>>> print(open('structure35.txt').read())   # compact mmCIF, N, CA and C atoms
# COMPACT_ATOMS: atom_id res chain seq x y z
N MET A 1 -6.58 -0.26 8.33
CA MET A 1 -7.40 -1.43 8.53
C MET A 1 -7.14 -2.41 7.39
N LYS A 2 -7.05 -3.69 7.72
CA LYS A 2 -6.88 -4.69 6.66
C LYS A 2 -8.12 -5.56 6.59
N THR A 3 -8.43 -5.96 5.36
CA THR A 3 -9.58 -6.80 5.08
C THR A 3 -9.11 -8.06 4.39
N VAL A 4 -9.56 -9.19 4.87
CA VAL A 4 -9.19 -10.47 4.25
C VAL A 4 -10.09 -10.73 3.05
N ILE A 5 -9.50 -11.18 1.96
CA ILE A 5 -10.22 -11.54 0.74
C ILE A 5 -10.25 -13.07 0.66
N GLN A 6 -11.42 -13.61 0.45
CA GLN A 6 -11.60 -15.07 0.38
C GLN A 6 -12.61 -15.38 -0.72
N THR A 7 -12.29 -16.31 -1.60
CA THR A 7 -13.22 -16.74 -2.63
C THR A 7 -13.15 -18.26 -2.77
N GLN A 8 -14.28 -18.85 -3.06
CA GLN A 8 -14.35 -20.29 -3.32
C GLN A 8 -13.87 -20.63 -4.73
N ASP A 9 -13.67 -19.61 -5.57
CA ASP A 9 -13.26 -19.82 -6.95
C ASP A 9 -11.76 -20.02 -7.12
N ALA A 10 -11.03 -19.95 -6.00
CA ALA A 10 -9.58 -20.22 -5.99
C ALA A 10 -9.32 -21.22 -4.88
N PRO A 11 -8.20 -21.92 -4.93
CA PRO A 11 -7.92 -22.92 -3.89
C PRO A 11 -7.88 -22.29 -2.49
N ALA A 12 -8.38 -23.04 -1.54
CA ALA A 12 -8.28 -22.62 -0.15
C ALA A 12 -6.81 -22.59 0.25
N ALA A 13 -6.47 -21.73 1.18
CA ALA A 13 -5.10 -21.66 1.67
C ALA A 13 -4.68 -23.02 2.23
N ILE A 14 -3.45 -23.43 1.95
CA ILE A 14 -2.96 -24.72 2.45
C ILE A 14 -2.03 -24.51 3.65
N GLY A 15 -2.16 -23.36 4.27
CA GLY A 15 -1.38 -23.02 5.46
C GLY A 15 -2.04 -21.87 6.19
N PRO A 16 -1.36 -21.33 7.19
CA PRO A 16 -1.93 -20.23 7.99
C PRO A 16 -1.76 -18.88 7.31
N TYR A 17 -2.47 -18.68 6.21
CA TYR A 17 -2.43 -17.41 5.49
C TYR A 17 -3.76 -17.20 4.78
N SER A 18 -3.98 -15.98 4.32
CA SER A 18 -5.19 -15.62 3.59
C SER A 18 -4.91 -15.65 2.09
N GLN A 19 -5.94 -15.85 1.29
CA GLN A 19 -5.76 -15.78 -0.16
C GLN A 19 -5.26 -14.40 -0.56
N ALA A 20 -5.79 -13.38 0.09
CA ALA A 20 -5.35 -12.00 -0.16
C ALA A 20 -5.76 -11.14 1.02
N VAL A 21 -5.08 -10.00 1.12
CA VAL A 21 -5.39 -9.02 2.16
C VAL A 21 -5.40 -7.65 1.50
N ARG A 22 -6.45 -6.88 1.78
CA ARG A 22 -6.56 -5.52 1.26
C ARG A 22 -6.21 -4.54 2.37
N VAL A 23 -5.34 -3.60 2.03
CA VAL A 23 -4.99 -2.51 2.94
C VAL A 23 -5.13 -1.23 2.11
N GLY A 24 -6.16 -0.46 2.37
CA GLY A 24 -6.41 0.74 1.57
C GLY A 24 -6.69 0.37 0.13
N ASP A 25 -5.94 0.99 -0.78
CA ASP A 25 -6.12 0.74 -2.21
C ASP A 25 -5.23 -0.38 -2.74
N THR A 26 -4.53 -1.07 -1.84
CA THR A 26 -3.60 -2.12 -2.25
C THR A 26 -4.09 -3.48 -1.80
N VAL A 27 -4.04 -4.45 -2.71
CA VAL A 27 -4.43 -5.83 -2.39
C VAL A 27 -3.22 -6.72 -2.63
N TYR A 28 -2.84 -7.44 -1.59
CA TYR A 28 -1.69 -8.35 -1.63
C TYR A 28 -2.21 -9.78 -1.79
N LEU A 29 -1.93 -10.39 -2.93
CA LEU A 29 -2.37 -11.76 -3.19
C LEU A 29 -1.26 -12.73 -2.79
N SER A 30 -1.62 -13.73 -2.01
CA SER A 30 -0.67 -14.78 -1.66
C SER A 30 -0.29 -15.55 -2.91
N GLY A 31 0.83 -16.23 -2.85
CA GLY A 31 1.27 -17.03 -3.98
C GLY A 31 0.26 -18.11 -4.32
N GLN A 32 0.06 -18.31 -5.60
CA GLN A 32 -0.83 -19.35 -6.09
C GLN A 32 0.00 -20.38 -6.86
N ILE A 33 -0.31 -21.65 -6.61
CA ILE A 33 0.25 -22.73 -7.42
C ILE A 33 -0.89 -23.30 -8.25
N GLY A 34 -0.60 -24.26 -9.08
CA GLY A 34 -1.57 -24.77 -10.04
C GLY A 34 -2.58 -25.76 -9.48
N LEU A 35 -3.16 -25.44 -8.32
CA LEU A 35 -4.18 -26.31 -7.74
C LEU A 35 -5.55 -25.99 -8.30
N ASP A 36 -6.30 -27.02 -8.62
CA ASP A 36 -7.70 -26.86 -9.02
C ASP A 36 -8.49 -26.56 -7.74
N PRO A 37 -9.28 -25.47 -7.72
CA PRO A 37 -9.99 -25.12 -6.49
C PRO A 37 -11.06 -26.14 -6.06
N GLU A 38 -11.57 -26.92 -7.00
CA GLU A 38 -12.61 -27.90 -6.66
C GLU A 38 -12.02 -29.19 -6.10
N THR A 39 -10.93 -29.64 -6.71
CA THR A 39 -10.36 -30.94 -6.31
C THR A 39 -9.13 -30.80 -5.41
N MET A 40 -8.53 -29.60 -5.40
CA MET A 40 -7.28 -29.33 -4.69
C MET A 40 -6.14 -30.23 -5.20
N GLN A 41 -6.26 -30.67 -6.45
CA GLN A 41 -5.21 -31.45 -7.10
C GLN A 41 -4.39 -30.53 -8.01
N LEU A 42 -3.11 -30.82 -8.10
CA LEU A 42 -2.20 -30.04 -8.91
C LEU A 42 -2.38 -30.41 -10.39
N ALA A 43 -2.44 -29.40 -11.24
CA ALA A 43 -2.52 -29.63 -12.68
C ALA A 43 -1.24 -30.34 -13.14
N ASP A 44 -1.33 -31.04 -14.27
CA ASP A 44 -0.23 -31.85 -14.76
C ASP A 44 0.64 -31.07 -15.74
N GLY A 45 1.89 -30.84 -15.40
CA GLY A 45 2.82 -30.20 -16.30
C GLY A 45 2.87 -28.68 -16.15
N LEU A 46 3.95 -28.09 -16.64
CA LEU A 46 4.16 -26.66 -16.48
C LEU A 46 3.06 -25.82 -17.13
N GLU A 47 2.73 -26.11 -18.37
CA GLU A 47 1.74 -25.29 -19.07
C GLU A 47 0.40 -25.30 -18.35
N ALA A 48 -0.09 -26.47 -17.99
CA ALA A 48 -1.38 -26.56 -17.29
C ALA A 48 -1.31 -25.87 -15.93
N GLN A 49 -0.19 -26.03 -15.24
CA GLN A 49 -0.05 -25.37 -13.93
C GLN A 49 -0.02 -23.85 -14.08
N ALA A 50 0.72 -23.35 -15.05
CA ALA A 50 0.81 -21.90 -15.22
C ALA A 50 -0.56 -21.30 -15.57
N HIS A 51 -1.31 -21.94 -16.46
CA HIS A 51 -2.66 -21.45 -16.77
C HIS A 51 -3.53 -21.47 -15.51
N ARG A 52 -3.45 -22.53 -14.74
CA ARG A 52 -4.25 -22.64 -13.51
C ARG A 52 -3.85 -21.55 -12.52
N VAL A 53 -2.55 -21.28 -12.41
CA VAL A 53 -2.07 -20.21 -11.52
C VAL A 53 -2.71 -18.88 -11.91
N PHE A 54 -2.69 -18.53 -13.18
CA PHE A 54 -3.26 -17.25 -13.61
C PHE A 54 -4.78 -17.23 -13.41
N ARG A 55 -5.46 -18.35 -13.64
CA ARG A 55 -6.90 -18.39 -13.38
C ARG A 55 -7.18 -18.23 -11.89
N ASN A 56 -6.36 -18.84 -11.04
CA ASN A 56 -6.52 -18.70 -9.59
C ASN A 56 -6.30 -17.26 -9.15
N LEU A 57 -5.24 -16.64 -9.67
CA LEU A 57 -4.97 -15.24 -9.33
C LEU A 57 -6.11 -14.34 -9.79
N ALA A 58 -6.63 -14.59 -10.98
CA ALA A 58 -7.76 -13.79 -11.49
C ALA A 58 -8.98 -13.95 -10.59
N ALA A 59 -9.21 -15.17 -10.10
CA ALA A 59 -10.36 -15.41 -9.22
C ALA A 59 -10.21 -14.65 -7.90
N VAL A 60 -9.01 -14.64 -7.34
CA VAL A 60 -8.79 -13.91 -6.09
C VAL A 60 -8.92 -12.41 -6.34
N ALA A 61 -8.36 -11.93 -7.45
CA ALA A 61 -8.50 -10.51 -7.79
C ALA A 61 -9.98 -10.14 -7.92
N LYS A 62 -10.74 -10.99 -8.60
CA LYS A 62 -12.18 -10.74 -8.75
C LYS A 62 -12.87 -10.72 -7.38
N GLY A 63 -12.45 -11.61 -6.48
CA GLY A 63 -13.00 -11.62 -5.13
C GLY A 63 -12.75 -10.31 -4.39
N ALA A 64 -11.72 -9.59 -4.80
CA ALA A 64 -11.40 -8.29 -4.22
C ALA A 64 -12.05 -7.15 -5.01
N GLY A 65 -12.83 -7.51 -6.04
CA GLY A 65 -13.47 -6.49 -6.87
C GLY A 65 -12.53 -5.88 -7.90
N LEU A 66 -11.45 -6.59 -8.22
CA LEU A 66 -10.45 -6.09 -9.15
C LEU A 66 -10.19 -7.12 -10.25
N SER A 67 -9.17 -6.86 -11.05
CA SER A 67 -8.78 -7.81 -12.10
C SER A 67 -7.26 -7.83 -12.19
N LEU A 68 -6.75 -8.72 -13.01
CA LEU A 68 -5.31 -8.79 -13.21
C LEU A 68 -4.76 -7.52 -13.86
N GLU A 69 -5.62 -6.75 -14.49
CA GLU A 69 -5.20 -5.49 -15.12
C GLU A 69 -4.68 -4.50 -14.07
N GLN A 70 -5.06 -4.67 -12.81
CA GLN A 70 -4.61 -3.77 -11.74
C GLN A 70 -3.33 -4.26 -11.06
N ALA A 71 -2.69 -5.28 -11.61
CA ALA A 71 -1.46 -5.80 -11.01
C ALA A 71 -0.35 -4.76 -11.15
N ALA A 72 0.28 -4.43 -10.01
CA ALA A 72 1.37 -3.48 -9.99
C ALA A 72 2.72 -4.17 -9.80
N ARG A 73 2.70 -5.30 -9.11
CA ARG A 73 3.94 -6.04 -8.79
C ARG A 73 3.66 -7.52 -8.83
N MET A 74 4.61 -8.28 -9.34
CA MET A 74 4.43 -9.72 -9.52
C MET A 74 5.75 -10.42 -9.24
N THR A 75 5.67 -11.55 -8.57
CA THR A 75 6.86 -12.39 -8.39
C THR A 75 6.53 -13.79 -8.89
N VAL A 76 7.38 -14.30 -9.76
CA VAL A 76 7.24 -15.64 -10.32
C VAL A 76 8.34 -16.50 -9.70
N TYR A 77 7.95 -17.66 -9.19
CA TYR A 77 8.90 -18.61 -8.61
C TYR A 77 8.88 -19.85 -9.49
N LEU A 78 10.05 -20.23 -10.00
CA LEU A 78 10.17 -21.38 -10.89
C LEU A 78 11.21 -22.35 -10.34
N ILE A 79 10.89 -23.66 -10.40
CA ILE A 79 11.90 -24.63 -10.00
C ILE A 79 12.89 -24.90 -11.13
N ASP A 80 12.56 -24.44 -12.34
CA ASP A 80 13.45 -24.57 -13.49
C ASP A 80 13.37 -23.29 -14.30
N LEU A 81 14.44 -22.49 -14.27
CA LEU A 81 14.42 -21.21 -14.98
C LEU A 81 14.37 -21.38 -16.50
N ASP A 82 14.56 -22.59 -17.00
CA ASP A 82 14.36 -22.84 -18.43
C ASP A 82 12.89 -22.67 -18.83
N HIS A 83 11.99 -22.66 -17.84
CA HIS A 83 10.56 -22.46 -18.10
C HIS A 83 10.18 -20.99 -18.24
N PHE A 84 11.15 -20.11 -18.06
CA PHE A 84 10.91 -18.66 -18.12
C PHE A 84 10.16 -18.24 -19.39
N PRO A 85 10.61 -18.65 -20.59
CA PRO A 85 9.90 -18.21 -21.81
C PRO A 85 8.46 -18.71 -21.87
N GLN A 86 8.21 -19.94 -21.42
CA GLN A 86 6.84 -20.47 -21.45
C GLN A 86 5.92 -19.68 -20.53
N VAL A 87 6.41 -19.36 -19.34
CA VAL A 87 5.59 -18.59 -18.40
C VAL A 87 5.34 -17.18 -18.97
N ASN A 88 6.34 -16.59 -19.60
CA ASN A 88 6.15 -15.28 -20.23
C ASN A 88 5.02 -15.33 -21.25
N GLU A 89 5.04 -16.35 -22.10
CA GLU A 89 4.01 -16.49 -23.14
C GLU A 89 2.63 -16.67 -22.51
N ILE A 90 2.54 -17.49 -21.51
CA ILE A 90 1.24 -17.73 -20.86
C ILE A 90 0.76 -16.46 -20.16
N GLN A 91 1.67 -15.71 -19.54
CA GLN A 91 1.29 -14.46 -18.89
C GLN A 91 0.59 -13.52 -19.86
N THR A 92 1.09 -13.43 -21.11
CA THR A 92 0.50 -12.50 -22.07
C THR A 92 -0.92 -12.90 -22.48
N GLN A 93 -1.33 -14.11 -22.17
CA GLN A 93 -2.70 -14.54 -22.44
C GLN A 93 -3.67 -14.05 -21.36
N TYR A 94 -3.14 -13.60 -20.23
CA TYR A 94 -3.97 -13.16 -19.10
C TYR A 94 -3.77 -11.69 -18.74
N MET A 95 -2.69 -11.08 -19.21
CA MET A 95 -2.38 -9.68 -18.89
C MET A 95 -1.93 -8.96 -20.15
N ARG A 96 -2.29 -7.69 -20.21
CA ARG A 96 -1.87 -6.85 -21.33
C ARG A 96 -0.94 -5.76 -20.82
N ALA A 97 -0.18 -5.17 -21.74
CA ALA A 97 0.67 -4.04 -21.41
C ALA A 97 -0.22 -2.85 -21.00
N PRO A 98 0.21 -2.04 -20.09
CA PRO A 98 1.48 -2.09 -19.40
C PRO A 98 1.50 -3.20 -18.34
N TYR A 99 2.53 -4.02 -18.39
CA TYR A 99 2.66 -5.14 -17.48
C TYR A 99 3.13 -4.67 -16.10
N PRO A 100 2.87 -5.47 -15.08
CA PRO A 100 3.35 -5.11 -13.74
C PRO A 100 4.87 -5.22 -13.65
N ALA A 101 5.44 -4.54 -12.67
CA ALA A 101 6.85 -4.79 -12.35
C ALA A 101 6.94 -6.25 -11.93
N ARG A 102 8.08 -6.89 -12.21
CA ARG A 102 8.13 -8.33 -11.96
C ARG A 102 9.54 -8.80 -11.64
N ALA A 103 9.60 -9.79 -10.78
CA ALA A 103 10.84 -10.51 -10.53
C ALA A 103 10.56 -11.99 -10.77
N THR A 104 11.55 -12.70 -11.27
CA THR A 104 11.45 -14.14 -11.43
C THR A 104 12.59 -14.75 -10.62
N VAL A 105 12.23 -15.72 -9.79
CA VAL A 105 13.18 -16.31 -8.87
C VAL A 105 13.24 -17.82 -9.09
N GLY A 106 14.45 -18.34 -9.22
CA GLY A 106 14.64 -19.78 -9.29
C GLY A 106 14.69 -20.35 -7.88
N VAL A 107 13.88 -21.36 -7.64
CA VAL A 107 13.81 -21.98 -6.31
C VAL A 107 14.03 -23.48 -6.45
N SER A 108 14.40 -24.13 -5.35
CA SER A 108 14.67 -25.56 -5.42
C SER A 108 13.41 -26.40 -5.28
N LYS A 109 12.39 -25.85 -4.63
CA LYS A 109 11.18 -26.63 -4.40
C LYS A 109 10.02 -25.69 -4.09
N LEU A 110 8.81 -26.12 -4.47
CA LEU A 110 7.59 -25.38 -4.18
C LEU A 110 6.59 -26.30 -3.50
N PRO A 111 5.59 -25.74 -2.81
CA PRO A 111 4.60 -26.59 -2.14
C PRO A 111 3.93 -27.58 -3.08
N ARG A 112 3.65 -28.75 -2.57
CA ARG A 112 2.95 -29.83 -3.29
C ARG A 112 3.65 -30.28 -4.56
N GLY A 113 4.92 -29.95 -4.72
CA GLY A 113 5.65 -30.35 -5.92
C GLY A 113 5.34 -29.50 -7.14
N ALA A 114 4.78 -28.30 -6.92
CA ALA A 114 4.44 -27.40 -8.02
C ALA A 114 5.69 -27.00 -8.79
N LEU A 115 5.49 -26.66 -10.06
CA LEU A 115 6.57 -26.21 -10.93
C LEU A 115 6.68 -24.70 -10.98
N VAL A 116 5.57 -24.00 -10.65
CA VAL A 116 5.52 -22.54 -10.72
C VAL A 116 4.58 -22.03 -9.62
N GLU A 117 4.94 -20.90 -9.06
CA GLU A 117 4.09 -20.18 -8.12
C GLU A 117 4.22 -18.70 -8.44
N ILE A 118 3.12 -17.97 -8.32
CA ILE A 118 3.12 -16.54 -8.61
C ILE A 118 2.33 -15.82 -7.53
N ASP A 119 2.88 -14.69 -7.07
CA ASP A 119 2.10 -13.81 -6.19
C ASP A 119 1.99 -12.44 -6.85
N LEU A 120 1.01 -11.67 -6.42
CA LEU A 120 0.74 -10.36 -7.02
C LEU A 120 0.44 -9.32 -5.97
N VAL A 121 0.70 -8.08 -6.33
CA VAL A 121 0.21 -6.93 -5.59
C VAL A 121 -0.64 -6.13 -6.57
N LEU A 122 -1.89 -5.90 -6.20
CA LEU A 122 -2.81 -5.13 -7.05
C LEU A 122 -3.02 -3.75 -6.44
N HIS A 123 -3.25 -2.76 -7.30
CA HIS A 123 -3.56 -1.42 -6.82
C HIS A 123 -4.90 -0.99 -7.38
N ALA A 124 -5.81 -0.61 -6.49
CA ALA A 124 -7.18 -0.29 -6.88
C ALA A 124 -7.35 1.17 -7.27
N GLY A 125 -6.35 2.00 -7.02
CA GLY A 125 -6.50 3.45 -7.26
C GLY A 125 -6.42 3.84 -8.70
>>> encode(input="structure35.txt", output="structure tokens")
Amino acid sequence: MKTVIQTQDAPAAIGPYSQAVRVGDTVYLSGQIGLDPETMQLADGLEAQAHRVFRNLAAVAKGAGLSLEQAARMTVYLIDLDHFPQVNEIQTQYMRAPYPARATVGVSKLPRGALVEIDLVLHAG
């Protein structure tokens, strides 16, 4: 059985998808970009967007009764791989070791002109 996770503390989905879906002890979080959940406006610049992304992910995790500490898998999408070190630094402000398994992918474009998008898989067990 799957359960949809929805919270007002993160941006509403901008397409036909859920913020997250729980299946058993696993919660799959959709990709988050740096949208402010109240205004639905994109934060300005990479640093502000990355912080907003992690706050959005934390809000969705909390909506599932979990936290970023339960992240098992993470994918980071960057339109400029030169931003890799900055995103790494910002990640350490929201997550502690042991860190989740992670892939970073360079992409040509993200929704709404975002500079970074991150999705997560959390494990509740």
>>> select_by_dssp(input="structure35.txt", residues="region 9-54 of chain A", states="helix (DSSP H, G or I)", output="list in words")
Leu46, Glu47, Ala48, Gln49, Ala50, His51, Arg52, Val53 and Phe54 of chain A
>>> residues_around(input="structure35.txt", residues="Val27 (chain A)", least_positions_apart="3", cutoff="7 Å", atoms="only N, CA and C atoms", output="list in words")
Ala20, Val21, Arg22, Val23, Gly24, Leu120, Val121, Leu122, His123 and Ala124 of chain A
>>> write_last_selection(input="structure35.txt", atoms="N, CA and C atoms", output="PDB file, in the coordinates of the input")
ATOM      1  N   ALA A  20      -5.790 -13.380   0.090  1.00  0.00           N
ATOM      2  CA  ALA A  20      -5.350 -12.000  -0.160  1.00  0.00           C
ATOM      3  C   ALA A  20      -5.760 -11.140   1.020  1.00  0.00           C
ATOM      4  N   VAL A  21      -5.080 -10.000   1.120  1.00  0.00           N
ATOM      5  CA  VAL A  21      -5.390  -9.020   2.160  1.00  0.00           C
ATOM      6  C   VAL A  21      -5.400  -7.650   1.500  1.00  0.00           C
ATOM      7  N   ARG A  22      -6.450  -6.880   1.780  1.00  0.00           N
ATOM      8  CA  ARG A  22      -6.560  -5.520   1.260  1.00  0.00           C
ATOM      9  C   ARG A  22      -6.210  -4.540   2.370  1.00  0.00           C
ATOM     10  N   VAL A  23      -5.340  -3.600   2.030  1.00  0.00           N
ATOM     11  CA  VAL A  23      -4.990  -2.510   2.940  1.00  0.00           C
ATOM     12  C   VAL A  23      -5.130  -1.230   2.110  1.00  0.00           C
ATOM     13  N   GLY A  24      -6.160  -0.460   2.370  1.00  0.00           N
ATOM     14  CA  GLY A  24      -6.410   0.740   1.570  1.00  0.00           C
ATOM     15  C   GLY A  24      -6.690   0.370   0.130  1.00  0.00           C
ATOM     16  N   LEU A 120       1.010 -11.670  -6.420  1.00  0.00           N
ATOM     17  CA  LEU A 120       0.740 -10.360  -7.020  1.00  0.00           C
ATOM     18  C   LEU A 120       0.440  -9.320  -5.970  1.00  0.00           C
ATOM     19  N   VAL A 121       0.700  -8.080  -6.330  1.00  0.00           N
ATOM     20  CA  VAL A 121       0.210  -6.930  -5.590  1.00  0.00           C
ATOM     21  C   VAL A 121      -0.640  -6.130  -6.570  1.00  0.00           C
ATOM     22  N   LEU A 122      -1.890  -5.900  -6.200  1.00  0.00           N
ATOM     23  CA  LEU A 122      -2.810  -5.130  -7.050  1.00  0.00           C
ATOM     24  C   LEU A 122      -3.020  -3.750  -6.440  1.00  0.00           C
ATOM     25  N   HIS A 123      -3.250  -2.760  -7.300  1.00  0.00           N
ATOM     26  CA  HIS A 123      -3.560  -1.420  -6.820  1.00  0.00           C
ATOM     27  C   HIS A 123      -4.900  -0.990  -7.380  1.00  0.00           C
ATOM     28  N   ALA A 124      -5.810  -0.610  -6.490  1.00  0.00           N
ATOM     29  CA  ALA A 124      -7.180  -0.290  -6.880  1.00  0.00           C
ATOM     30  C   ALA A 124      -7.350   1.170  -7.270  1.00  0.00           C
TER      31      ALA A 124
END
>>> residues_around(input="structure35.txt", residues="Thr75 (chain A)", least_positions_apart="3", cutoff="7 Å", atoms="all atoms listed in the file", output="PDB file with N, CA and C atoms, in the frame of the given file")
ATOM      1  N   ALA A 101       5.440  -4.540 -12.670  1.00  0.00           N
ATOM      2  CA  ALA A 101       6.850  -4.790 -12.350  1.00  0.00           C
ATOM      3  C   ALA A 101       6.940  -6.250 -11.930  1.00  0.00           C
ATOM      4  N   ARG A 102       8.080  -6.890 -12.210  1.00  0.00           N
ATOM      5  CA  ARG A 102       8.130  -8.330 -11.960  1.00  0.00           C
ATOM      6  C   ARG A 102       9.540  -8.800 -11.640  1.00  0.00           C
ATOM      7  N   ALA A 103       9.600  -9.790 -10.780  1.00  0.00           N
ATOM      8  CA  ALA A 103      10.840 -10.510 -10.530  1.00  0.00           C
ATOM      9  C   ALA A 103      10.560 -11.990 -10.770  1.00  0.00           C
ATOM     10  N   THR A 104      11.550 -12.700 -11.270  1.00  0.00           N
ATOM     11  CA  THR A 104      11.450 -14.140 -11.430  1.00  0.00           C
ATOM     12  C   THR A 104      12.590 -14.750 -10.620  1.00  0.00           C
ATOM     13  N   VAL A 105      12.230 -15.720  -9.790  1.00  0.00           N
ATOM     14  CA  VAL A 105      13.180 -16.310  -8.870  1.00  0.00           C
ATOM     15  C   VAL A 105      13.240 -17.820  -9.090  1.00  0.00           C
ATOM     16  N   GLU A 117       4.940 -20.900  -9.060  1.00  0.00           N
ATOM     17  CA  GLU A 117       4.090 -20.180  -8.120  1.00  0.00           C
ATOM     18  C   GLU A 117       4.220 -18.700  -8.440  1.00  0.00           C
ATOM     19  N   ILE A 118       3.120 -17.970  -8.320  1.00  0.00           N
ATOM     20  CA  ILE A 118       3.120 -16.540  -8.610  1.00  0.00           C
ATOM     21  C   ILE A 118       2.330 -15.820  -7.530  1.00  0.00           C
ATOM     22  N   ASP A 119       2.880 -14.690  -7.070  1.00  0.00           N
ATOM     23  CA  ASP A 119       2.100 -13.810  -6.190  1.00  0.00           C
ATOM     24  C   ASP A 119       1.990 -12.440  -6.850  1.00  0.00           C
ATOM     25  N   LEU A 120       1.010 -11.670  -6.420  1.00  0.00           N
ATOM     26  CA  LEU A 120       0.740 -10.360  -7.020  1.00  0.00           C
ATOM     27  C   LEU A 120       0.440  -9.320  -5.970  1.00  0.00           C
ATOM     28  N   VAL A 121       0.700  -8.080  -6.330  1.00  0.00           N
ATOM     29  CA  VAL A 121       0.210  -6.930  -5.590  1.00  0.00           C
ATOM     30  C   VAL A 121      -0.640  -6.130  -6.570  1.00  0.00           C
TER      31      VAL A 121
END
>>> closest_residue(input="structure35.txt", among="A:Met40, A:Leu115, A:Ala59, A:Ala48", to="Ile14 (chain A)", atoms="only C-alpha atoms")
A:Met40
>>> closest_atom_pairs(input="structure35.txt", of="region 24-57 of chain A", to="region 85-99 of chain A", cutoff="7 Å", atoms="all atoms listed in the file", output="JSON lines")
{"residue": "A:Ala50", "atom": "CA", "partner": "A:Val87", "partner_atom": "CA", "distance": 6.6}
{"residue": "A:His51", "atom": "N", "partner": "A:Ile90", "partner_atom": "CA", "distance": 6.6}
{"residue": "A:Phe54", "atom": "CA", "partner": "A:Tyr94", "partner_atom": "CA", "distance": 6.9}
>>> select_by_dssp(input="structure35.txt", residues="chain A", states="strand (DSSP E)", output="PyMOL selection string")
chain A and resi 2-5+20-23+26-32+71-78+101-106+116-123
>>> closest_residue(input="structure35.txt", among="A:Gly65, A:Gly106, A:Pro37, A:Gly45", to="Tyr77 (chain A)", atoms="all atoms listed in the file")
A:Gly106
>>> closest_residue(input="structure35.txt", among="A:Ala12, A:Leu29, A:Leu42, A:Val4", to="Ala61 (chain A)", atoms="all atoms listed in the file")
A:Leu29
>>> closest_residue(input="structure35.txt", among="A:Lys109, A:Lys62, A:His83, A:Arg73", to="Leu46 (chain A)", atoms="only N, CA and C atoms")
A:His83
